[in-house]
file final-v4.json (JSON, C-alpha atoms)
[["chain", "number", "residue", "atom", "x", "y", "z"],
["A", 5, "MET", "CA", -23.31, 21.70, 40.67],
["A", 6, "ALA", "CA", -21.53, 23.74, 38.05],
["A", 7, "ARG", "CA", -24.03, 25.74, 36.05],
["A", 8, "SER", "CA", -22.83, 28.85, 34.32],
["A", 9, "GLN", "CA", -23.62, 31.92, 36.40],
["A", 10, "PRO", "CA", -24.49, 35.25, 34.73],
["A", 11, "ASP", "CA", -21.00, 36.52, 35.60],
["A", 12, "ALA", "CA", -19.22, 33.32, 34.56],
["A", 13, "PRO", "CA", -16.27, 33.86, 32.20],
["A", 14, "THR", "CA", -16.75, 33.23, 28.49],
["A", 15, "VAL", "CA", -14.53, 30.81, 26.59],
["A", 16, "MET", "CA", -14.45, 30.83, 22.78],
["A", 17, "VAL", "CA", -13.84, 27.50, 21.08],
["A", 18, "VAL", "CA", -12.28, 27.72, 17.62],
["A", 19, "ASP", "CA", -12.27, 24.47, 15.66],
["A", 20, "ASP", "CA", -13.39, 23.36, 12.20],
["A", 21, "THR", "CA", -14.45, 19.87, 13.33],
["A", 22, "ASP", "CA", -18.06, 19.77, 14.56],
["A", 23, "ALA", "CA", -17.51, 16.88, 16.98],
["A", 24, "VAL", "CA", -14.53, 18.61, 18.61],
["A", 25, "ARG", "CA", -16.56, 21.78, 19.16],
["A", 26, "ILE", "CA", -19.51, 19.85, 20.57],
["A", 27, "VAL", "CA", -17.35, 17.88, 23.03],
["A", 28, "LEU", "CA", -15.47, 20.99, 24.18],
["A", 29, "ARG", "CA", -18.71, 22.91, 24.54],
["A", 30, "MET", "CA", -20.21, 20.24, 26.79],
["A", 31, "GLN", "CA", -17.01, 20.07, 28.84],
["A", 32, "LEU", "CA", -17.04, 23.85, 29.29],
["A", 33, "ILE", "CA", -20.74, 23.89, 30.21],
["A", 34, "ILE", "CA", -20.05, 21.28, 32.90],
["A", 35, "LEU", "CA", -17.17, 23.40, 34.17],
["A", 36, "GLY", "CA", -19.53, 26.37, 34.41],
["A", 37, "TYR", "CA", -18.33, 28.61, 31.58],
["A", 38, "HIS", "CA", -20.26, 30.47, 28.89],
["A", 39, "VAL", "CA", -19.28, 29.21, 25.46],
["A", 40, "LEU", "CA", -18.84, 30.84, 22.04],
["A", 41, "GLU", "CA", -17.96, 28.89, 18.92],
["A", 42, "ALA", "CA", -16.08, 29.76, 15.75],
["A", 43, "ARG", "CA", -15.44, 27.32, 12.89],
["A", 44, "ASN", "CA", -12.28, 28.85, 11.48],
["A", 45, "GLY", "CA", -9.76, 31.58, 12.10],
["A", 46, "ALA", "CA", -11.71, 34.24, 10.24],
["A", 47, "GLU", "CA", -14.83, 33.66, 12.32],
["A", 48, "ALA", "CA", -12.64, 33.68, 15.43],
["A", 49, "VAL", "CA", -11.24, 37.12, 14.60],
["A", 50, "VAL", "CA", -14.69, 38.61, 13.90],
["A", 51, "LEU", "CA", -16.38, 37.00, 16.91],
["A", 52, "GLY", "CA", -13.39, 37.67, 19.16],
["A", 53, "ARG", "CA", -13.45, 41.40, 18.38],
["A", 54, "ARG", "CA", -17.20, 41.62, 18.85],
["A", 55, "GLU", "CA", -17.61, 39.53, 21.99],
["A", 56, "ARG", "CA", -14.19, 39.79, 23.61],
["A", 57, "PRO", "CA", -14.23, 36.43, 25.40],
["A", 58, "ASP", "CA", -12.15, 35.85, 28.53],
["A", 59, "LEU", "CA", -10.16, 33.06, 26.91],
["A", 60, "ILE", "CA", -9.79, 31.47, 23.48],
["A", 61, "LEU", "CA", -9.13, 27.78, 22.79],
["A", 62, "MET", "CA", -7.62, 27.82, 19.30],
["A", 63, "ASP", "CA", -7.21, 24.92, 16.90],
["A", 64, "ILE", "CA", -4.18, 25.39, 14.65],
["A", 65, "SER", "CA", -4.97, 23.58, 11.43],
["A", 66, "MET", "CA", -8.15, 25.12, 9.98],
["A", 67, "PRO", "CA", -9.51, 26.24, 6.60],
["A", 68, "VAL", "CA", -9.99, 29.86, 5.50],
["A", 69, "LEU", "CA", -7.64, 31.31, 8.12],
["A", 70, "ASP", "CA", -5.50, 29.00, 10.27],
["A", 71, "GLY", "CA", -5.08, 29.25, 14.03],
["A", 72, "LEU", "CA", -1.59, 30.76, 13.86],
["A", 73, "GLU", "CA", -2.68, 33.62, 11.64],
["A", 74, "ALA", "CA", -5.88, 34.17, 13.64],
["A", 75, "THR", "CA", -3.82, 34.30, 16.84],
["A", 76, "ARG", "CA", -1.47, 36.91, 15.33],
["A", 77, "LEU", "CA", -4.43, 39.03, 14.20],
["A", 78, "LEU", "CA", -6.19, 38.82, 17.56],
["A", 79, "ARG", "CA", -3.01, 39.54, 19.50],
["A", 80, "SER", "CA", -2.14, 42.56, 17.37],
["A", 81, "ALA", "CA", -5.55, 44.26, 17.65],
["A", 82, "THR", "CA", -6.07, 46.55, 20.61],
["A", 83, "GLU", "CA", -9.55, 45.20, 21.46],
["A", 84, "THR", "CA", -8.40, 41.58, 21.63],
["A", 85, "GLY", "CA", -4.66, 41.84, 22.32],
["A", 86, "GLU", "CA", -5.02, 41.00, 26.01],
["A", 87, "ILE", "CA", -7.24, 37.94, 25.57],
["A", 88, "PRO", "CA", -5.31, 34.80, 26.51],
["A", 89, "ILE", "CA", -5.19, 32.28, 23.66],
["A", 90, "VAL", "CA", -4.38, 28.61, 24.24],
["A", 91, "ALA", "CA", -3.60, 26.39, 21.27],
["A", 92, "LEU", "CA", -5.43, 23.06, 21.14],
["A", 93, "SER", "CA", -4.02, 20.90, 18.41],
["A", 94, "ALA", "CA", -4.26, 17.33, 17.24],
["A", 95, "PHE", "CA", -0.50, 17.51, 16.74],
["A", 96, "SER", "CA", 1.82, 17.45, 19.72],
["A", 97, "ASP", "CA", 5.29, 17.82, 18.21],
["A", 98, "ASP", "CA", 7.74, 20.50, 19.29],
["A", 99, "GLU", "CA", 7.63, 22.30, 15.95],
["A", 100, "CYS", "CA", 3.86, 22.78, 16.13],
["A", 101, "ARG", "CA", 4.16, 23.88, 19.75],
["A", 102, "ASP", "CA", 6.92, 26.40, 18.94],
["A", 103, "ARG", "CA", 4.94, 27.87, 16.08],
["A", 104, "ALA", "CA", 1.86, 28.29, 18.27],
["A", 105, "ILE", "CA", 3.82, 29.97, 21.05],
["A", 106, "GLY", "CA", 5.62, 32.07, 18.44],
["A", 107, "ALA", "CA", 2.28, 33.27, 17.06],
["A", 108, "GLY", "CA", 1.25, 34.46, 20.52],
["A", 109, "CYS", "CA", -0.47, 31.51, 22.19],
["A", 110, "ARG", "CA", 0.12, 31.37, 25.92],
["A", 111, "GLU", "CA", 0.19, 27.62, 26.06],
["A", 112, "PHE", "CA", -0.16, 24.57, 23.87],
["A", 113, "ALA", "CA", -2.20, 21.44, 24.62],
["A", 114, "SER", "CA", -3.08, 18.34, 22.61],
["A", 115, "LYS", "CA", -6.53, 17.13, 21.67],
["A", 116, "PRO", "CA", -8.52, 15.30, 22.90],
["A", 117, "ILE", "CA", -8.25, 16.92, 26.31],
["A", 118, "GLU", "CA", -9.47, 15.40, 29.58],
["A", 119, "MET", "CA", -11.85, 17.42, 31.75],
["A", 120, "LYS", "CA", -9.38, 17.79, 34.62],
["A", 121, "GLU", "CA", -6.61, 18.98, 32.31],
["A", 122, "LEU", "CA", -9.02, 21.39, 30.58],
["A", 123, "ALA", "CA", -10.19, 22.80, 33.91],
["A", 124, "GLU", "CA", -6.62, 23.41, 35.07],
["A", 125, "LEU", "CA", -5.51, 24.79, 31.70],
["A", 126, "ILE", "CA", -8.28, 27.40, 31.70],
["A", 127, "ALA", "CA", -7.90, 28.26, 35.38],
["A", 128, "ARG", "CA", -4.20, 29.09, 35.03],
["A", 129, "ASN", "CA", -4.64, 31.12, 31.82],
["A", 130, "ILE", "CA", -7.91, 32.97, 32.17],
["A", 131, "GLY", "CA", -6.44, 35.75, 34.30],
["A", 132, "ARG", "CA", -9.62, 37.04, 35.89],
["A", 133, "GLY", "CA", -8.64, 37.17, 39.52],
["A", 134, "GLY", "CA", -12.11, 37.70, 40.93],
["A", 135, "VAL", "CA", -13.71, 34.80, 39.10],
["A", 136, "THR", "CA", -14.28, 31.59, 40.96],
["A", 137, "ALA", "CA", -12.28, 28.76, 39.51],
["A", 138, "PRO", "CA", -14.30, 25.85, 38.14],
["A", 139, "ARG", "CA", -15.16, 23.31, 40.76],
["A", 140, "TYR", "CA", -14.56, 20.24, 38.71],
["A", 141, "GLY", "CA", -14.32, 17.05, 40.69],
["A", 142, "GLN", "CA", -16.10, 18.37, 43.77],
["A", 143, "ASP", "CA", -18.79, 15.72, 43.50],
["A", 144, "VAL", "CA", -16.33, 12.88, 43.18],
["A", 145, "GLY", "CA", -16.32, 11.99, 46.83],
["A", 146, "ARG", "CA", -20.10, 11.70, 46.86],
["A", 147, "ARG", "CA", -20.29, 8.03, 46.02],
["B", 28, "MET", "CA", -41.46, -10.51, 26.74],
["B", 29, "PRO", "CA", -39.14, -12.80, 24.78],
["B", 30, "THR", "CA", -37.61, -11.43, 21.59],
["B", 31, "GLY", "CA", -35.38, -14.05, 20.10],
["B", 32, "ASN", "CA", -34.64, -12.47, 16.77],
["B", 33, "SER", "CA", -33.44, -9.01, 15.97],
["B", 34, "SER", "CA", -35.34, -7.33, 13.19],
["B", 35, "PRO", "CA", -33.46, -5.65, 10.34],
["B", 36, "THR", "CA", -34.67, -2.22, 11.45],
["B", 37, "GLU", "CA", -32.57, -2.54, 14.59],
["B", 38, "ALA", "CA", -29.36, -2.86, 12.62],
["B", 39, "GLU", "CA", -26.84, -0.04, 12.84],
["B", 40, "GLN", "CA", -28.66, 1.70, 15.66],
["B", 41, "THR", "CA", -26.12, 3.02, 18.11],
["B", 42, "ILE", "CA", -26.61, 3.04, 21.88],
["B", 43, "LEU", "CA", -24.33, 4.67, 24.43],
["B", 44, "LEU", "CA", -24.11, 2.85, 27.77],
["B", 45, "VAL", "CA", -22.83, 4.99, 30.62],
["B", 46, "GLU", "CA", -22.11, 2.83, 33.65],
["B", 47, "ASP", "CA", -19.09, 2.60, 35.93],
["B", 48, "TYR", "CA", -19.55, -1.01, 37.01],
["B", 49, "ASP", "CA", -17.85, -3.24, 34.45],
["B", 50, "GLY", "CA", -20.10, -6.22, 35.20],
["B", 51, "ILE", "CA", -23.38, -4.37, 34.64],
["B", 52, "ARG", "CA", -22.04, -2.65, 31.54],
["B", 53, "LEU", "CA", -20.83, -5.91, 30.04],
["B", 54, "LEU", "CA", -24.16, -7.60, 30.75],
["B", 55, "MET", "CA", -26.18, -4.83, 29.10],
["B", 56, "LYS", "CA", -23.73, -4.52, 26.24],
["B", 57, "THR", "CA", -23.90, -8.24, 25.48],
["B", 58, "TYR", "CA", -27.66, -8.23, 25.62],
["B", 59, "LEU", "CA", -28.03, -5.22, 23.32],
["B", 60, "GLN", "CA", -25.40, -6.50, 20.89],
["B", 61, "ASN", "CA", -27.28, -9.80, 20.68],
["B", 62, "HIS", "CA", -30.26, -7.75, 19.55],
["B", 63, "GLY", "CA", -28.15, -6.28, 16.77],
["B", 64, "TYR", "CA", -27.41, -2.87, 18.23],
["B", 65, "ARG", "CA", -24.08, -1.11, 18.04],
["B", 66, "VAL", "CA", -23.03, -0.38, 21.62],
["B", 67, "LEU", "CA", -20.62, 2.31, 22.79],
["B", 68, "GLU", "CA", -19.45, 2.48, 26.38],
["B", 69, "ALA", "CA", -18.48, 5.17, 28.87],
["B", 70, "ARG", "CA", -17.43, 4.64, 32.48],
["B", 71, "ASP", "CA", -18.01, 8.15, 33.81],
["B", 72, "GLY", "CA", -19.69, 11.43, 32.88],
["B", 73, "ASP", "CA", -16.55, 12.83, 31.25],
["B", 74, "GLU", "CA", -16.34, 9.88, 28.86],
["B", 75, "ALA", "CA", -20.09, 10.13, 28.29],
["B", 76, "VAL", "CA", -19.96, 13.69, 26.94],
["B", 77, "ARG", "CA", -16.89, 12.91, 24.85],
["B", 78, "VAL", "CA", -18.43, 9.86, 23.20],
["B", 79, "ALA", "CA", -21.84, 11.56, 22.83],
["B", 80, "GLY", "CA", -20.23, 14.51, 21.07],
["B", 81, "GLU", "CA", -18.08, 12.42, 18.78],
["B", 82, "GLU", "CA", -21.02, 10.15, 17.86],
["B", 83, "CYS", "CA", -23.76, 12.79, 17.79],
["B", 84, "ARG", "CA", -24.73, 11.87, 14.23],
["B", 85, "THR", "CA", -25.25, 8.18, 14.96],
["B", 86, "LEU", "CA", -26.55, 8.03, 18.54],
["B", 87, "ARG", "CA", -30.11, 6.77, 18.96],
["B", 88, "LEU", "CA", -30.26, 6.25, 22.72],
["B", 89, "ILE", "CA", -28.24, 6.92, 25.85],
["B", 90, "VAL", "CA", -28.61, 4.73, 28.93],
["B", 91, "MET", "CA", -27.15, 6.77, 31.78],
["B", 92, "ASP", "CA", -26.30, 5.66, 35.29],
["B", 93, "LEU", "CA", -26.80, 8.74, 37.48],
["B", 94, "ASN", "CA", -24.25, 7.97, 40.16],
["B", 95, "LEU", "CA", -20.95, 8.18, 38.30],
["B", 96, "PRO", "CA", -17.36, 9.10, 39.08],
["B", 97, "LYS", "CA", -15.94, 12.42, 37.87],
["B", 98, "THR", "CA", -18.86, 14.26, 36.19],
["B", 99, "ASP", "CA", -22.10, 12.68, 37.44],
["B", 100, "GLY", "CA", -25.01, 11.56, 35.29],
["B", 101, "LEU", "CA", -27.17, 14.61, 35.92],
["B", 102, "ALA", "CA", -24.44, 17.10, 34.97],
["B", 103, "ALA", "CA", -23.58, 15.08, 31.87],
["B", 104, "THR", "CA", -27.28, 14.93, 30.91],
["B", 105, "ARG", "CA", -27.71, 18.69, 31.30],
["B", 106, "ALA", "CA", -24.70, 19.35, 29.07],
["B", 107, "ILE", "CA", -25.89, 16.89, 26.41],
["B", 108, "ARG", "CA", -29.35, 18.47, 26.42],
["B", 109, "GLU", "CA", -27.88, 21.88, 25.57],
["B", 110, "MET", "CA", -26.50, 20.56, 22.28],
["B", 111, "ALA", "CA", -28.79, 21.05, 19.29],
["B", 112, "GLU", "CA", -27.23, 17.92, 17.77],
["B", 113, "LEU", "CA", -28.16, 15.77, 20.77],
["B", 114, "CYS", "CA", -31.28, 17.31, 22.27],
["B", 115, "ASP", "CA", -33.62, 14.76, 20.63],
["B", 116, "VAL", "CA", -31.72, 11.64, 21.73],
["B", 117, "PRO", "CA", -33.63, 9.84, 24.51],
["B", 118, "ILE", "CA", -31.67, 9.51, 27.75],
["B", 119, "VAL", "CA", -32.84, 6.71, 30.04],
["B", 120, "ALA", "CA", -31.52, 7.24, 33.55],
["B", 121, "CYS", "CA", -30.70, 4.25, 35.73],
["B", 122, "THR", "CA", -30.36, 4.46, 39.46],
["B", 123, "ALA", "CA", -30.52, 2.27, 42.51],
["B", 124, "ARG", "CA", -32.14, 5.15, 44.40],
["B", 125, "SER", "CA", -35.41, 5.49, 42.53],
["B", 126, "SER", "CA", -37.20, 7.83, 44.92],
["B", 127, "ASP", "CA", -39.61, 10.53, 43.72],
["B", 128, "ALA", "CA", -36.94, 13.16, 44.38],
["B", 129, "GLU", "CA", -34.42, 11.25, 42.29],
["B", 130, "ARG", "CA", -36.96, 10.94, 39.47],
["B", 131, "GLU", "CA", -37.77, 14.65, 39.63],
["B", 132, "ALA", "CA", -34.07, 15.54, 39.48],
["B", 133, "ALA", "CA", -33.48, 13.22, 36.53],
["B", 134, "LEU", "CA", -36.41, 14.57, 34.53],
["B", 135, "ALA", "CA", -35.47, 18.16, 35.37],
["B", 136, "ALA", "CA", -31.93, 17.53, 34.08],
["B", 137, "GLY", "CA", -33.38, 16.33, 30.79],
["B", 138, "CYS", "CA", -33.64, 12.56, 31.17],
["B", 139, "THR", "CA", -36.48, 11.03, 29.17],
["B", 140, "ASP", "CA", -37.29, 8.31, 31.68],
["B", 141, "LEU", "CA", -35.90, 6.73, 34.81],
["B", 142, "ILE", "CA", -35.52, 3.01, 35.38],
["B", 143, "ALA", "CA", -34.70, 1.41, 38.71],
["B", 144, "LYS", "CA", -31.65, -0.78, 39.18],
["B", 145, "PRO", "CA", -30.82, -3.62, 39.19],
["B", 146, "LEU", "CA", -31.31, -3.76, 35.45],
["B", 147, "GLY", "CA", -32.41, -7.22, 34.44],
["B", 148, "LYS", "CA", -33.49, -8.68, 31.16],
["B", 149, "ASP", "CA", -37.01, -7.23, 31.55],
["B", 150, "ALA", "CA", -35.74, -3.70, 32.06],
["B", 151, "ILE", "CA", -33.54, -3.94, 28.97],
["B", 152, "GLU", "CA", -36.46, -5.32, 26.95],
["B", 153, "LEU", "CA", -38.55, -2.40, 28.17],
["B", 154, "ILE", "CA", -35.89, 0.10, 27.08],
["B", 155, "ILE", "CA", -35.67, -1.51, 23.62],
["B", 156, "ASN", "CA", -39.43, -1.59, 23.15],
["B", 157, "ARG", "CA", -40.10, 1.86, 24.46],
["B", 158, "PHE", "CA", -37.22, 3.82, 22.98],
["B", 159, "LEU", "CA", -35.79, 1.92, 20.04],
["B", 160, "LEU", "CA", -38.55, -0.05, 18.36],
["B", 161, "ALA", "CA", -41.16, 2.66, 18.86],
["B", 162, "THR", "CA", -39.32, 5.32, 16.90]]

call {"tool": "encode", "arguments": {"input": "final-v4.json", "output": "structure tokens"}}
result
Amino acid sequence: MARSQPDAPTVMVVDDTDAVRIVLRMQLIILGYHVLEARNGAEAVVLGRRERPDLILMDISMPVLDGLEATRLLRSATETGEIPIVALSAFSDDECRDRAIGAGCREFASKPIEMKELAELIARNIGRGGVTAPRYGQDVGRR
Amino acid sequence: MPTGNSSPTEAEQTILLVEDYDGIRLLMKTYLQNHGYRVLEARDGDEAVRVAGEECRTLRLIVMDLNLPKTDGLAATRAIREMAELCDVPIVACTARSSDAEREAALAAGCTDLIAKPLGKDAIELIINRFLLAT
């Protein structure tokens, strides 16, 4: 069963909607990751610099400081420049996608996201070779 | 334990039913709706955490089958229990395998109680009386 190990990678969830953060946090716990939360881009920049998570899931449309600007700030700082950032947006149009990629996001995905898609998205972006990939779906054949 | 009428205090209370068998879910849903409850449904553990998160402000009770496709009931329960917004919501586990070991595992994961399947009218009455009317 996937419980987060002491050496499990940390994923930071950035979203201004409480319910979105709660759902993503539970999904990430099930997948075995440690979870950090930020409610807007400004919190994401502060927390990102302090904690240096292994991956950031970034909402785009947020108050205070939006996801595009937060991504630019994180990518341009030496402490956080290497952290992979994946945009998670309620919008799925090409313009939104292009802007996210242009700001420095590695990839763009639409909310809500299914567990399997989330697991694969993180696994291909997290870039920590030695870390065991989440074992989502391993119990499926149990029934 | 017949309860023909639903009291006004039951109105607007939201219950999440997590069960992969359509027939059982429909039966329980119908019964609870007839008692005036608002019923949300999930067919696997993935849907359970999504609905629980989205409805964390309204949820009063979760009835959770333990043997589910995708994320199972125990893993979903553990994740729900880690949320400050959901840690007080009772989770009643349902399983056909109601051994002592199964009960221990359910309680350790954070389930409030465990009820053996098949779930008949009496079991549903028990759930209502113990977890919805009592609070």

call {"tool": "interface_residues", "arguments": {"input": "final-v4.json", "of": "chain B", "to": "chain A", "cutoff": "9 Å", "atoms": "only C-alpha atoms", "output": "PyMOL selection string"}}
result
chain B and resi 73-74+76-83+94-99+102-103+105-107+109-110+112

call {"tool": "residues_around", "arguments": {"input": "final-v4.json", "residues": "A:Phe95", "least_positions_apart": "6", "cutoff": "9 Å", "atoms": "only C-alpha atoms", "output": "number ranges by chain"}}
result
A: 64, 101, 113-115

call {"tool": "write_last_selection", "arguments": {"input": "final-v4.json", "atoms": "C-alpha atoms", "output": "mmCIF file, in the coordinates of the input"}}
result
data_model
loop_
_atom_site.group_PDB
_atom_site.id
_atom_site.type_symbol
_atom_site.label_atom_id
_atom_site.label_comp_id
_atom_site.auth_asym_id
_atom_site.auth_seq_id
_atom_site.Cartn_x
_atom_site.Cartn_y
_atom_site.Cartn_z
ATOM 1 C CA ILE A 64 -4.180 25.390 14.650
ATOM 2 C CA ARG A 101 4.160 23.880 19.750
ATOM 3 C CA ALA A 113 -2.200 21.440 24.620
ATOM 4 C CA SER A 114 -3.080 18.340 22.610
ATOM 5 C CA LYS A 115 -6.530 17.130 21.670
#

call {"tool": "closest_residue", "arguments": {"input": "final-v4.json", "among": "A:Gly71, A:Gly52, A:Pro10, A:Gly36", "to": "A:Ile87", "atoms": "only C-alpha atoms"}}
result
A:Gly52

call {"tool": "residues_around", "arguments": {"input": "final-v4.json", "residues": "A:Thr14", "least_positions_apart": "6", "cutoff": "10 Å", "atoms": "all atoms listed in the file", "output": "list in words"}}
result
Ser8, Leu32, Gly36, Tyr37, His38, Val39, Leu40, Glu55, Arg56, Pro57, Asp58, Leu59, Ile60 and Ile130 of chain A

call {"tool": "closest_residue", "arguments": {"input": "final-v4.json", "among": "A:Leu61, A:Cys109, A:Ala104, A:Leu51", "to": "A:Leu122", "atoms": "all atoms listed in the file"}}
result
A:Leu61

call {"tool": "closest_residue", "arguments": {"input": "final-v4.json", "among": "B:Gly100, B:Ala128, B:Thr41, B:Thr57", "to": "B:Arg70", "atoms": "all atoms listed in the file"}}
result
B:Gly100

call {"tool": "closest_residue", "arguments": {"input": "final-v4.json", "among": "A:Arg79, A:Phe112, A:Ala74, A:Ala42", "to": "A:Ala94", "atoms": "all atoms listed in the file"}}
result
A:Phe112

call {"tool": "closest_residue", "arguments": {"input": "final-v4.json", "among": "A:Ala46, A:Ala123, A:Ala107, A:Val17", "to": "A:Thr75", "atoms": "all atoms listed in the file"}}
result
A:Ala107
